[in-house]
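Reproduced below: query-v7.cif, with mmCIF, C-alpha atoms (C1' of nucleotides).
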data_input
#
loop_
_atom_site.label_atom_id
_atom_site.label_comp_id
_atom_site.auth_asym_id
_atom_site.auth_seq_id
_atom_site.Cartn_x
_atom_site.Cartn_y
_atom_site.Cartn_z
CA MET A 1 68.69 -25.99 39.93
CA GLU A 2 65.91 -23.73 41.04
CA SER A 3 62.81 -23.83 38.92
CA THR A 4 61.93 -20.56 37.26
CA LEU A 5 58.27 -21.37 37.69
CA HIS A 6 56.71 -18.49 39.58
CA THR A 7 53.16 -19.58 40.21
CA ARG A 8 50.58 -16.89 40.76
CA GLN A 9 48.26 -19.42 42.30
CA LYS A 10 49.05 -22.48 44.33
CA LEU A 11 47.63 -25.60 42.75
CA ASP A 12 47.20 -29.03 44.25
CA GLU A 13 46.15 -32.34 42.69
CA THR A 14 42.49 -31.54 43.22
CA ASP A 15 42.85 -28.27 41.35
CA LEU A 16 44.58 -30.03 38.48
CA ALA A 17 41.81 -32.63 38.40
CA ILE A 18 39.13 -29.95 38.26
CA ILE A 19 40.98 -27.96 35.63
CA GLY A 20 41.62 -31.00 33.49
CA ARG A 21 37.95 -31.85 33.59
CA VAL A 22 36.46 -28.45 32.81
CA GLU A 23 39.11 -27.85 30.19
CA GLU A 24 37.65 -30.75 28.24
CA ASP A 25 34.01 -30.13 29.09
CA PHE A 26 32.71 -27.29 31.14
CA ASP A 27 29.17 -28.60 30.83
CA VAL A 28 29.86 -31.16 33.54
CA SER A 29 27.64 -30.69 36.56
CA LEU A 30 29.00 -29.71 39.94
CA GLU A 31 27.53 -32.89 41.35
CA THR A 32 29.41 -35.11 38.91
CA LEU A 33 32.64 -33.28 39.65
CA ALA A 34 32.02 -33.49 43.38
CA ASP A 35 31.39 -37.23 43.15
CA GLU A 36 34.48 -37.86 41.04
CA LEU A 37 36.68 -35.93 43.44
CA ASP A 38 35.04 -36.94 46.71
CA LEU A 39 34.29 -33.35 47.56
CA SER A 40 31.14 -31.42 48.31
CA LYS A 41 29.51 -29.45 45.53
CA SER A 42 30.26 -26.25 47.38
CA ALA A 43 33.93 -27.07 47.66
CA VAL A 44 34.18 -27.69 43.94
CA HIS A 45 32.38 -24.45 43.26
CA TYR A 46 34.63 -22.59 45.67
CA ARG A 47 37.74 -23.86 43.93
CA LEU A 48 36.37 -23.14 40.49
CA ASN A 49 35.66 -19.57 41.50
CA LYS A 50 39.14 -19.16 42.91
CA LEU A 51 40.65 -20.53 39.72
CA LYS A 52 38.65 -18.02 37.70
CA ASP A 53 39.43 -15.10 39.98
CA SER A 54 43.12 -15.85 40.04
CA GLY A 55 43.21 -16.07 36.27
CA VAL A 56 44.28 -19.69 36.04
CA ILE A 57 41.00 -20.19 34.19
CA LYS A 58 40.94 -17.21 31.87
CA GLY A 59 37.38 -17.79 30.74
CA VAL A 60 34.82 -20.23 29.48
CA SER A 61 34.04 -20.44 25.80
CA ALA A 62 31.94 -22.40 23.34
CA ASP A 63 33.93 -24.40 20.81
CA VAL A 64 32.50 -23.93 17.35
CA ASP A 65 32.94 -26.40 14.51
CA PRO A 66 34.63 -24.52 11.66
CA LEU A 67 33.00 -26.88 9.16
CA ALA A 68 29.58 -25.61 10.23
CA PHE A 69 30.68 -22.33 8.68
CA GLY A 70 32.16 -23.98 5.64
CA LEU A 71 35.66 -23.15 6.84
CA GLU A 72 37.27 -26.21 5.30
CA MET A 73 40.58 -24.72 4.29
CA VAL A 74 43.52 -24.10 6.56
CA ALA A 75 46.79 -22.55 5.49
CA ILE A 76 50.08 -21.82 7.20
CA THR A 77 51.85 -18.76 5.88
CA ASP A 78 55.42 -17.81 6.68
CA VAL A 79 55.88 -14.06 6.61
CA SER A 80 59.23 -12.31 6.59
CA VAL A 81 59.42 -8.57 7.24
CA THR A 82 61.93 -5.85 6.55
CA HIS A 83 63.96 -5.32 9.69
CA GLU A 84 65.15 -1.78 9.07
CA SER A 85 62.09 -0.14 10.60
CA GLY A 86 60.40 -0.79 13.93
CA TYR A 87 57.36 -2.16 12.16
CA SER A 88 57.56 -5.69 13.47
CA GLU A 89 55.74 -4.93 16.72
CA ASN A 90 52.68 -3.68 14.86
CA ILE A 91 52.73 -6.19 12.04
CA GLY A 92 51.84 -9.01 14.39
CA GLU A 93 48.72 -7.18 15.49
CA GLU A 94 47.83 -6.26 11.94
CA LEU A 95 48.19 -9.85 10.79
CA ASN A 96 46.10 -11.05 13.70
CA GLU A 97 43.28 -8.66 12.85
CA LEU A 98 42.91 -9.77 9.24
CA ALA A 99 39.66 -11.65 8.68
CA GLY A 100 40.37 -15.34 8.42
CA VAL A 101 43.57 -15.26 10.46
CA GLU A 102 43.28 -17.59 13.41
CA ARG A 103 46.66 -17.38 15.05
CA VAL A 104 49.91 -15.50 14.61
CA TYR A 105 53.31 -16.48 15.99
CA TYR A 106 56.31 -14.17 16.00
CA THR A 107 59.37 -16.36 15.77
CA MET A 108 63.13 -16.25 15.93
CA GLY A 109 64.77 -17.35 12.74
CA ASP A 110 64.74 -16.56 9.07
CA VAL A 111 60.95 -16.42 9.00
CA ASP A 112 59.50 -13.76 11.28
CA PHE A 113 55.83 -14.60 11.51
CA VAL A 114 53.94 -17.85 11.16
CA VAL A 115 50.28 -17.21 10.36
CA VAL A 116 47.56 -19.86 10.61
CA SER A 117 44.42 -18.95 8.73
CA ARG A 118 41.09 -20.66 8.12
CA VAL A 119 38.91 -19.82 5.13
CA GLN A 120 36.11 -21.22 2.99
CA THR A 121 37.61 -21.03 -0.48
CA ARG A 122 40.83 -20.62 -2.42
CA ASP A 123 39.66 -17.18 -3.44
CA GLN A 124 39.40 -16.13 0.17
CA LEU A 125 42.88 -17.45 0.81
CA ASN A 126 44.25 -15.56 -2.16
CA ASP A 127 42.58 -12.39 -0.92
CA LEU A 128 44.05 -12.91 2.50
CA ILE A 129 47.56 -13.45 1.20
CA ASP A 130 47.21 -10.34 -0.92
CA GLN A 131 46.29 -8.41 2.20
CA ILE A 132 49.29 -9.79 4.04
CA VAL A 133 51.64 -8.83 1.24
CA ALA A 134 50.11 -5.36 1.14
CA LEU A 135 50.94 -4.70 4.80
CA GLU A 136 53.69 -2.12 5.24
CA GLY A 137 56.94 -3.80 6.17
CA VAL A 138 56.04 -7.25 4.85
CA ASN A 139 58.83 -8.56 2.72
CA GLU A 140 57.97 -12.04 1.52
CA THR A 141 55.42 -14.77 2.14
CA SER A 142 55.29 -18.49 1.60
CA SER A 143 52.16 -20.54 2.16
CA LYS A 144 51.33 -24.18 2.50
CA PHE A 145 47.98 -25.92 2.63
CA VAL A 146 47.02 -27.96 5.63
CA MET A 147 45.70 -31.37 4.64
CA GLN A 148 44.85 -32.55 8.11
CA GLU A 149 44.73 -31.14 11.60
CA PHE A 150 45.37 -32.94 14.85
CA ASP A 151 44.15 -31.02 17.85
CA ALA A 152 41.94 -33.53 19.55
CA ASP A 153 43.51 -32.88 22.88
CA SER A 154 43.02 -29.24 23.72
CA SER A 155 43.67 -29.81 27.39
CA LEU A 156 46.79 -28.27 28.85
CA VAL A 157 46.85 -30.39 31.99
CA SER A 158 46.58 -33.71 30.19
CA ASN A 159 49.29 -32.44 27.92
CA LEU A 160 51.85 -31.80 30.61
CA THR A 161 54.87 -34.02 30.86
CA ASP A 162 55.17 -35.78 34.22
CA GLU A 163 58.06 -33.48 34.89
CA ALA A 164 56.06 -30.37 34.06
CA ARG A 165 53.15 -31.54 36.14
CA GLN A 166 55.43 -32.11 39.09
CA ALA A 167 56.95 -28.67 38.67
CA VAL A 168 53.49 -27.13 38.95
CA LEU A 169 52.71 -29.04 42.13
CA ASP A 170 56.14 -28.42 43.67
CA ALA A 171 55.86 -24.69 43.10
CA SER A 172 52.77 -24.67 45.29
CA LYS A 173 54.44 -26.36 48.25
CA ARG A 174 55.74 -23.20 49.83
CA MET B 1 29.11 -19.82 -9.27
CA GLU B 2 27.44 -22.19 -6.85
CA SER B 3 28.86 -22.21 -3.37
CA THR B 4 30.18 -25.55 -2.20
CA LEU B 5 29.05 -24.71 1.32
CA HIS B 6 26.84 -27.56 2.46
CA THR B 7 25.53 -26.43 5.79
CA ARG B 8 24.42 -29.08 8.23
CA GLN B 9 22.47 -26.53 10.15
CA LYS B 10 20.69 -23.43 8.94
CA LEU B 11 21.96 -20.33 10.67
CA ASP B 12 20.47 -16.86 10.75
CA GLU B 13 21.81 -13.59 12.10
CA THR B 14 20.47 -14.34 15.56
CA ASP B 15 22.34 -17.65 15.63
CA LEU B 16 25.55 -15.93 14.58
CA ALA B 17 25.04 -13.32 17.29
CA ILE B 18 24.54 -16.00 19.93
CA ILE B 19 27.50 -18.03 18.71
CA GLY B 20 29.76 -15.01 18.56
CA ARG B 21 28.86 -14.14 22.11
CA VAL B 22 29.26 -17.56 23.74
CA GLU B 23 32.40 -18.20 21.72
CA GLU B 24 34.01 -15.31 23.58
CA ASP B 25 32.36 -15.89 26.92
CA PHE B 26 30.03 -18.71 27.76
CA ASP B 27 29.60 -17.39 31.29
CA VAL B 28 27.16 -14.80 30.03
CA SER B 29 23.72 -15.25 31.54
CA LEU B 30 20.71 -16.25 29.48
CA GLU B 31 19.01 -13.08 30.61
CA THR B 32 21.82 -10.85 29.36
CA LEU B 33 21.84 -12.66 26.03
CA ALA B 34 18.07 -12.40 25.80
CA ASP B 35 18.17 -8.66 26.51
CA GLU B 36 20.92 -8.04 23.97
CA LEU B 37 19.08 -9.91 21.26
CA ASP B 38 15.53 -8.88 22.16
CA LEU B 39 14.52 -12.48 22.70
CA SER B 40 13.08 -14.41 25.60
CA LYS B 41 15.36 -16.49 27.78
CA SER B 42 13.61 -19.63 26.56
CA ALA B 43 14.22 -18.73 22.94
CA VAL B 44 17.92 -18.22 23.55
CA HIS B 45 18.07 -21.47 25.45
CA TYR B 46 16.21 -23.25 22.67
CA ARG B 47 18.63 -22.01 20.06
CA LEU B 48 21.67 -22.79 22.16
CA ASN B 49 20.45 -26.34 22.60
CA LYS B 50 19.87 -26.72 18.90
CA LEU B 51 23.33 -25.39 18.14
CA LYS B 52 24.81 -27.93 20.54
CA ASP B 53 22.70 -30.82 19.26
CA SER B 54 23.50 -30.09 15.64
CA GLY B 55 27.20 -29.92 16.41
CA VAL B 56 27.71 -26.31 15.43
CA ILE B 57 28.79 -25.83 19.04
CA LYS B 58 31.00 -28.84 19.64
CA GLY B 59 31.34 -28.23 23.35
CA VAL B 60 32.06 -25.79 26.10
CA SER B 61 35.48 -25.59 27.66
CA ALA B 62 37.46 -23.63 30.22
CA ASP B 63 40.38 -21.69 28.80
CA VAL B 64 43.45 -22.15 30.97
CA ASP B 65 46.32 -19.71 31.13
CA PRO B 66 49.46 -21.62 30.13
CA LEU B 67 51.56 -19.26 32.24
CA ALA B 68 49.76 -20.47 35.36
CA PHE B 69 51.49 -23.78 34.66
CA GLY B 70 54.78 -22.15 33.86
CA LEU B 71 54.37 -23.04 30.20
CA GLU B 72 56.25 -20.01 28.94
CA MET B 73 57.97 -21.55 25.96
CA VAL B 74 56.38 -22.19 22.57
CA ALA B 75 58.12 -23.79 19.62
CA ILE B 76 57.16 -24.55 16.06
CA THR B 77 58.79 -27.64 14.65
CA ASP B 78 58.78 -28.62 11.01
CA VAL B 79 58.91 -32.38 10.60
CA SER B 80 59.63 -34.17 7.36
CA VAL B 81 59.01 -37.88 7.05
CA THR B 82 60.19 -40.64 4.79
CA HIS B 83 57.57 -41.15 2.12
CA GLU B 84 58.37 -44.70 1.15
CA SER B 85 56.22 -46.27 3.85
CA GLY B 86 52.62 -45.61 4.74
CA TYR B 87 53.65 -44.24 8.08
CA SER B 88 52.47 -40.70 7.56
CA GLU B 89 48.92 -41.42 8.65
CA ASN B 90 50.06 -42.62 12.04
CA ILE B 91 52.84 -40.15 12.56
CA GLY B 92 50.37 -37.30 12.90
CA GLU B 93 48.62 -39.09 15.72
CA GLU B 94 51.89 -40.03 17.36
CA LEU B 95 53.12 -36.45 17.24
CA ASN B 96 49.84 -35.21 18.64
CA GLU B 97 50.04 -37.55 21.59
CA LEU B 98 53.48 -36.49 22.74
CA ALA B 99 53.33 -34.58 26.01
CA GLY B 100 53.79 -30.89 25.34
CA VAL B 101 52.50 -31.00 21.77
CA GLU B 102 49.59 -28.63 21.40
CA ARG B 103 48.72 -28.89 17.75
CA VAL B 104 49.82 -30.80 14.68
CA TYR B 105 49.23 -29.85 11.05
CA TYR B 106 49.85 -32.18 8.15
CA THR B 107 50.76 -30.04 5.19
CA MET B 108 51.42 -30.18 1.50
CA GLY B 109 54.91 -29.11 0.58
CA ASP B 110 58.48 -29.93 1.41
CA VAL B 111 57.70 -30.04 5.12
CA ASP B 112 55.15 -32.65 6.06
CA PHE B 113 54.12 -31.78 9.60
CA VAL B 114 54.10 -28.52 11.47
CA VAL B 115 54.07 -29.12 15.22
CA VAL B 116 53.27 -26.44 17.78
CA SER B 117 54.41 -27.32 21.27
CA ARG B 118 54.30 -25.59 24.63
CA VAL B 119 56.72 -26.43 27.42
CA GLN B 120 58.23 -25.02 30.60
CA THR B 121 61.93 -25.27 29.91
CA ARG B 122 64.51 -25.71 27.20
CA ASP B 123 65.23 -29.15 28.60
CA GLN B 124 61.65 -30.18 28.08
CA LEU B 125 61.79 -28.88 24.52
CA ASN B 126 64.96 -30.83 23.85
CA ASP B 127 63.36 -33.96 25.22
CA LEU B 128 60.34 -33.41 23.05
CA ILE B 129 62.37 -32.93 19.90
CA ASP B 130 64.35 -36.06 20.74
CA GLN B 131 61.08 -37.95 20.99
CA ILE B 132 59.95 -36.59 17.65
CA VAL B 133 63.18 -37.61 15.95
CA ALA B 134 62.89 -41.06 17.49
CA LEU B 135 59.50 -41.68 15.87
CA GLU B 136 59.64 -44.30 13.14
CA GLY B 137 59.44 -42.64 9.75
CA VAL B 138 60.57 -39.20 10.87
CA ASN B 139 63.29 -37.93 8.62
CA GLU B 140 64.31 -34.46 9.69
CA THR B 141 63.17 -31.70 12.02
CA SER B 142 63.72 -27.99 12.23
CA SER B 143 62.50 -25.90 15.15
CA LYS B 144 62.05 -22.25 15.86
CA PHE B 145 61.23 -20.46 19.08
CA VAL B 146 58.10 -18.39 19.34
CA MET B 147 58.83 -14.97 20.81
CA GLN B 148 55.26 -13.74 20.87
CA GLU B 149 51.81 -15.12 20.23
CA PHE B 150 48.77 -13.31 18.91
CA ASP B 151 45.59 -15.19 19.49
CA ALA B 152 43.49 -12.66 21.30
CA ASP B 153 40.57 -13.27 19.00
CA SER B 154 39.58 -16.88 19.31
CA SER B 155 36.13 -16.29 17.87
CA LEU B 156 35.38 -17.85 14.51
CA VAL B 157 32.35 -15.69 13.75
CA SER B 158 34.09 -12.40 14.42
CA ASN B 159 36.88 -13.72 12.26
CA LEU B 160 34.80 -14.37 9.17
CA THR B 161 35.26 -12.16 6.16
CA ASP B 162 32.08 -10.35 5.12
CA GLU B 163 32.00 -12.69 2.16
CA ALA B 164 32.35 -15.78 4.31
CA ARG B 165 29.70 -14.55 6.70
CA GLN B 166 27.34 -13.95 3.82
CA ALA B 167 28.01 -17.41 2.45
CA VAL B 168 26.96 -18.92 5.77
CA LEU B 169 23.72 -16.95 5.83
CA ASP B 170 22.96 -17.57 2.15
CA ALA B 171 23.38 -21.30 2.53
CA SER B 172 20.56 -21.23 5.05
CA LYS B 173 18.09 -19.54 2.79
CA ARG B 174 16.76 -22.65 1.17
"C1'" DA C 1 39.09 -23.77 52.93
"C1'" DA C 2 34.97 -25.82 53.30
"C1'" DT C 3 29.94 -26.23 54.68
"C1'" DG C 4 24.71 -25.98 54.51
"C1'" DA C 5 20.75 -23.04 53.75
"C1'" DA C 6 18.62 -19.49 51.15
"C1'" DA C 7 18.21 -16.89 46.84
"C1'" DT C 8 18.96 -16.94 42.03
"C1'" DC C 9 19.42 -18.81 37.53
"C1'" DG C 10 19.20 -22.33 33.97
"C1'" DA C 11 16.91 -26.71 32.04
"C1'" DC C 12 12.96 -28.73 30.64
"C1'" DC C 13 8.15 -29.37 29.25
"C1'" DA C 14 3.45 -28.83 27.57
"C1'" DG C 15 1.20 -26.00 24.72
"C1'" DC C 16 0.72 -22.41 21.12
"C1'" DA C 17 1.48 -19.66 16.64
"C1'" DT D 1 9.74 -25.33 13.60
"C1'" DG D 2 10.34 -21.53 16.71
"C1'" DC D 3 8.83 -19.67 20.63
"C1'" DT D 4 6.23 -18.81 25.31
"C1'" DG D 5 5.47 -19.06 30.24
"C1'" DG D 6 5.83 -21.68 34.18
"C1'" DT D 7 7.86 -25.43 37.11
"C1'" DC D 8 11.56 -27.97 38.83
"C1'" DG D 9 16.23 -28.74 39.67
"C1'" DA D 10 20.83 -26.98 39.70
"C1'" DT D 11 23.99 -23.37 40.71
"C1'" DT D 12 25.50 -19.31 43.05
"C1'" DT D 13 25.90 -16.78 47.18
"C1'" DC D 14 26.59 -15.97 51.99
"C1'" DA D 15 26.84 -16.47 56.91
"C1'" DT D 16 29.16 -19.66 59.69
"C1'" DT D 17 32.80 -22.97 61.25
#

Using structure tokens, write down the structure that the file contains.
Amino acid sequence: MESTLHTRQKLDETDLAIIGRVEEDFDVSLETLADELDLSKSAVHYRLNKLKDSGVIKGVSADVDPLAFGLEMVAITDVSVTHESGYSENIGEELNELAGVERVYYTMGDVDFVVVSRVQTRDQLNDLIDQIVALEGVNETSSKFVMQEFDADSSLVSNLTDEARQAVLDASKR
Amino acid sequence: MESTLHTRQKLDETDLAIIGRVEEDFDVSLETLADELDLSKSAVHYRLNKLKDSGVIKGVSADVDPLAFGLEMVAITDVSVTHESGYSENIGEELNELAGVERVYYTMGDVDFVVVSRVQTRDQLNDLIDQIVALEGVNETSSKFVMQEFDADSSLVSNLTDEARQAVLDASKR
DNA sequence: AATGAAATCGACCAGCA
DNA sequence: TGCTGGTCGATTTCATT
């Protein structure tokens, strides 16, 4: 069976190694990377640039500790919407733009949206849920508190199954 | 009412401006930042270092496009566990370490874990769910497909409510 | 696609308010 | 403690292979 993986950019093991590294820590020096990969600094830099230009690396960002802002409370809110109108396309955007909302998923199933939000206090969470309910087209919400988060491994490459990793490499062999 | 916000690091408006900027794009030059904030390059650099040392900025990482790896499928899986044993502490870690699992939340409520996973194919998702079910202590799972994601705004500072933002600044005035 | 040299930018330091 | 200006080292760029 033919893989449906249509790679915009051919990637080899070296690319995956570079990506995996800078995904965890972009503050690694070119020299360290070059040493680890047995490449010249220029070669590493060349590949990094290509990965950025081709969009494989969408950008570089600082990771901020939510606790430094007192954002100690995380909630997951299931939102169901009325399906009669064509609202659902906009509602996702509206949810995403509410202050405190970190991530919005539009899902198949009885629940339409899953909203992950991060706030400082219960009051802020209540306000947020009120705002969600007030959105036009929102039918019902149900929230649960998050007691603990596990997201230590934010790296996509280290998170690939062997099969998935192979599919990426195979797609580049053409 | 006294805020429970115990800030490790005092933050002023300039800090928030810097953080907000590098959270979106760390590839901005010191000079650009300095110009935008009417500061010297050294001052910006000094503050950035302090923010890193104090842990407000946990690190810098490259953001990789999942689609470049063919990871076009996202699922949210609710996992309930048997509560008799003390397994639940470990199960979170075990879930998080499964290949394809992006994020794990341990929640209060009838569902115990919410697992967000990203894979290439339905087969990979089936495998993953099989692995989840096979974990000792896992009772029941229920998955839904994600049709669309909204996470354009990955910046914590731009995501703060006015109230939350004020709480951060106020906590530093002491 | 990768290299080495030249130009540019960021990291660090001593000193100052 | 926060910032300055200058130096050194690292990164980016580019002509070349």

Among listed residues B:Asp123, B:Leu39, B:Ile19, B:Val28, nearest DG2 in chain D (using all atoms listed in the file) | B:Leu39

Give as a list of chain:residue names every residue of chain B that touches chain C within 12 Å, counting all atoms listed in the file.
-> B:Asp27, B:Val28, B:Ser29, B:Leu30, B:Glu31, B:Thr32, B:Lys41, B:Ser42, B:Val44, B:His45, B:Tyr46, B:Leu48, B:Asn49

Can you tell me how far CA of Thr107 in chain B sits from CA of Val115 in chain A, in Å to one decimal?
->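 Between CA of Thr107 in chain B and CA of Val115 in chain A the gap is 13.8 Å.
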
Chain B least-squares fitted onto chain A over all paired C-alpha atoms, as a compact mmCIF listing (two decimals) with C-alpha atoms, in the coordinates of the input:
# COMPACT_ATOMS: atom_id res chain seq x y z
CA MET B 1 68.66 -26.35 40.14
CA GLU B 2 65.95 -23.94 41.22
CA SER B 3 62.86 -23.92 39.08
CA THR B 4 62.04 -20.59 37.50
CA LEU B 5 58.35 -21.40 37.84
CA HIS B 6 56.78 -18.51 39.72
CA THR B 7 53.23 -19.61 40.28
CA ARG B 8 50.63 -16.93 40.81
CA GLN B 9 48.31 -19.45 42.32
CA LYS B 10 49.08 -22.54 44.35
CA LEU B 11 47.64 -25.64 42.76
CA ASP B 12 47.21 -29.09 44.23
CA GLU B 13 46.16 -32.37 42.67
CA THR B 14 42.50 -31.59 43.21
CA ASP B 15 42.86 -28.30 41.34
CA LEU B 16 44.58 -30.06 38.45
CA ALA B 17 41.80 -32.65 38.38
CA ILE B 18 39.13 -29.95 38.27
CA ILE B 19 40.99 -27.96 35.62
CA GLY B 20 41.60 -31.01 33.48
CA ARG B 21 37.93 -31.85 33.59
CA VAL B 22 36.46 -28.42 32.81
CA GLU B 23 39.12 -27.83 30.18
CA GLU B 24 37.63 -30.73 28.24
CA ASP B 25 34.02 -30.11 29.11
CA PHE B 26 32.71 -27.26 31.17
CA ASP B 27 29.16 -28.56 30.84
CA VAL B 28 29.84 -31.12 33.52
CA SER B 29 27.62 -30.63 36.54
CA LEU B 30 28.98 -29.60 39.92
CA GLU B 31 27.48 -32.75 41.36
CA THR B 32 29.30 -35.01 38.91
CA LEU B 33 32.57 -33.22 39.60
CA ALA B 34 31.97 -33.44 43.34
CA ASP B 35 31.26 -37.18 43.12
CA GLU B 36 34.34 -37.84 41.00
CA LEU B 37 36.60 -35.97 43.37
CA ASP B 38 34.93 -36.95 46.64
CA LEU B 39 34.22 -33.34 47.48
CA SER B 40 31.09 -31.37 48.23
CA LYS B 41 29.47 -29.31 45.51
CA SER B 42 30.31 -26.16 47.45
CA ALA B 43 33.97 -27.08 47.65
CA VAL B 44 34.17 -27.63 43.91
CA HIS B 45 32.38 -24.37 43.32
CA TYR B 46 34.70 -22.59 45.72
CA ARG B 47 37.77 -23.87 43.94
CA LEU B 48 36.39 -23.11 40.51
CA ASN B 49 35.72 -19.55 41.57
CA LYS B 50 39.21 -19.18 42.94
CA LEU B 51 40.69 -20.56 39.74
CA LYS B 52 38.69 -18.02 37.75
CA ASP B 53 39.50 -15.11 40.06
CA SER B 54 43.21 -15.87 40.08
CA GLY B 55 43.26 -16.08 36.30
CA VAL B 56 44.30 -19.70 36.05
CA ILE B 57 41.01 -20.17 34.21
CA LYS B 58 40.93 -17.19 31.90
CA GLY B 59 37.38 -17.78 30.76
CA VAL B 60 34.83 -20.21 29.48
CA SER B 61 34.06 -20.44 25.81
CA ALA B 62 31.97 -22.41 23.34
CA ASP B 63 33.98 -24.39 20.82
CA VAL B 64 32.54 -23.96 17.34
CA ASP B 65 32.99 -26.43 14.53
CA PRO B 66 34.66 -24.56 11.67
CA LEU B 67 33.04 -26.94 9.18
CA ALA B 68 29.62 -25.69 10.24
CA PHE B 69 30.70 -22.40 8.67
CA GLY B 70 32.19 -24.07 5.65
CA LEU B 71 35.68 -23.20 6.84
CA GLU B 72 37.29 -26.26 5.32
CA MET B 73 40.59 -24.76 4.27
CA VAL B 74 43.56 -24.12 6.56
CA ALA B 75 46.83 -22.55 5.49
CA ILE B 76 50.10 -21.80 7.19
CA THR B 77 51.86 -18.74 5.88
CA ASP B 78 55.41 -17.78 6.67
CA VAL B 79 55.87 -14.02 6.60
CA SER B 80 59.20 -12.26 6.59
CA VAL B 81 59.40 -8.54 7.22
CA THR B 82 61.89 -5.81 6.53
CA HIS B 83 63.92 -5.29 9.67
CA GLU B 84 65.07 -1.75 9.06
CA SER B 85 61.98 -0.14 10.56
CA GLY B 86 60.32 -0.75 13.88
CA TYR B 87 57.28 -2.12 12.16
CA SER B 88 57.50 -5.65 13.46
CA GLU B 89 55.67 -4.88 16.68
CA ASN B 90 52.62 -3.67 14.82
CA ILE B 91 52.70 -6.17 12.02
CA GLY B 92 51.80 -8.99 14.38
CA GLU B 93 48.68 -7.17 15.45
CA GLU B 94 47.80 -6.25 11.90
CA LEU B 95 48.16 -9.85 10.76
CA ASN B 96 46.07 -11.04 13.67
CA GLU B 97 43.25 -8.69 12.80
CA LEU B 98 42.87 -9.78 9.21
CA ALA B 99 39.63 -11.67 8.66
CA GLY B 100 40.36 -15.37 8.39
CA VAL B 101 43.56 -15.27 10.43
CA GLU B 102 43.27 -17.60 13.37
CA ARG B 103 46.64 -17.35 15.02
CA VAL B 104 49.89 -15.47 14.59
CA TYR B 105 53.30 -16.44 15.97
CA TYR B 106 56.28 -14.13 15.98
CA THR B 107 59.35 -16.30 15.76
CA MET B 108 63.10 -16.19 15.92
CA GLY B 109 64.75 -17.30 12.72
CA ASP B 110 64.73 -16.52 9.05
CA VAL B 111 60.94 -16.38 9.00
CA ASP B 112 59.48 -13.73 11.26
CA PHE B 113 55.80 -14.57 11.50
CA VAL B 114 53.94 -17.82 11.14
CA VAL B 115 50.28 -17.20 10.35
CA VAL B 116 47.59 -19.86 10.60
CA SER B 117 44.44 -18.97 8.71
CA ARG B 118 41.12 -20.68 8.10
CA VAL B 119 38.93 -19.85 5.12
CA GLN B 120 36.15 -21.26 2.97
CA THR B 121 37.63 -21.06 -0.49
CA ARG B 122 40.84 -20.67 -2.42
CA ASP B 123 39.66 -17.23 -3.47
CA GLN B 124 39.39 -16.16 0.13
CA LEU B 125 42.89 -17.48 0.78
CA ASN B 126 44.25 -15.57 -2.18
CA ASP B 127 42.59 -12.41 -0.95
CA LEU B 128 44.04 -12.94 2.47
CA ILE B 129 47.56 -13.46 1.19
CA ASP B 130 47.19 -10.35 -0.96
CA GLN B 131 46.25 -8.42 2.16
CA ILE B 132 49.25 -9.79 4.00
CA VAL B 133 51.62 -8.81 1.21
CA ALA B 134 50.09 -5.35 1.12
CA LEU B 135 50.93 -4.70 4.78
CA GLU B 136 53.65 -2.10 5.21
CA GLY B 137 56.90 -3.78 6.16
CA VAL B 138 56.02 -7.22 4.85
CA ASN B 139 58.80 -8.54 2.70
CA GLU B 140 57.95 -12.01 1.51
CA THR B 141 55.41 -14.74 2.14
CA SER B 142 55.30 -18.46 1.59
CA SER B 143 52.16 -20.52 2.17
CA LYS B 144 51.34 -24.16 2.49
CA PHE B 145 48.01 -25.92 2.60
CA VAL B 146 47.05 -27.95 5.62
CA MET B 147 45.75 -31.37 4.62
CA GLN B 148 44.90 -32.56 8.11
CA GLU B 149 44.79 -31.15 11.60
CA PHE B 150 45.40 -32.93 14.87
CA ASP B 151 44.15 -31.01 17.83
CA ALA B 152 41.91 -33.50 19.51
CA ASP B 153 43.52 -32.87 22.86
CA SER B 154 43.03 -29.25 23.72
CA SER B 155 43.68 -29.81 27.40
CA LEU B 156 46.80 -28.26 28.85
CA VAL B 157 46.87 -30.38 32.00
CA SER B 158 46.57 -33.69 30.19
CA ASN B 159 49.29 -32.42 27.92
CA LEU B 160 51.86 -31.76 30.62
CA THR B 161 54.88 -33.99 30.85
CA ASP B 162 55.19 -35.77 34.20
CA GLU B 163 58.08 -33.45 34.90
CA ALA B 164 56.08 -30.35 34.06
CA ARG B 165 53.16 -31.53 36.14
CA GLN B 166 55.45 -32.12 39.07
CA ALA B 167 56.96 -28.68 38.68
CA VAL B 168 53.50 -27.14 38.97
CA LEU B 169 52.72 -29.07 42.14
CA ASP B 170 56.15 -28.46 43.67
CA ALA B 171 55.90 -24.73 43.14
CA SER B 172 52.83 -24.76 45.35
CA LYS B 173 54.48 -26.43 48.27
CA ARG B 174 55.80 -23.31 49.89

Report the residues retrieved by the PyMOL selection byres ((chain B and resi 8) around 10) from the displayed file, expressed as a VMD selection string.
-> (chain A and resid 67 to 70) or (chain B and resid 5 to 7 9 to 11 54 to 56 171 to 172)

Pull out every residue of chain D sitting within 10 Å of chain B, counting all atoms listed in the file, and send them as number ranges by chain.
-> D: 2-5

Result set, the PyMOL selection byres ((chain B) within 8 of (chain A)) on current file, as a ChimeraX atom specification = /B:5-9,19,22-27,55-66,68-70,92-93,96,98-109,119-120,144-151,153-154,156,159-161,164,168

What is the distance, in Å and to one decimal place, between CA of Leu37 in chain A and CA of Gln166 in chain A?
->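 Calculated distance between CA of Leu37 in chain A and CA of Gln166 in chain A is 19.6 Å.
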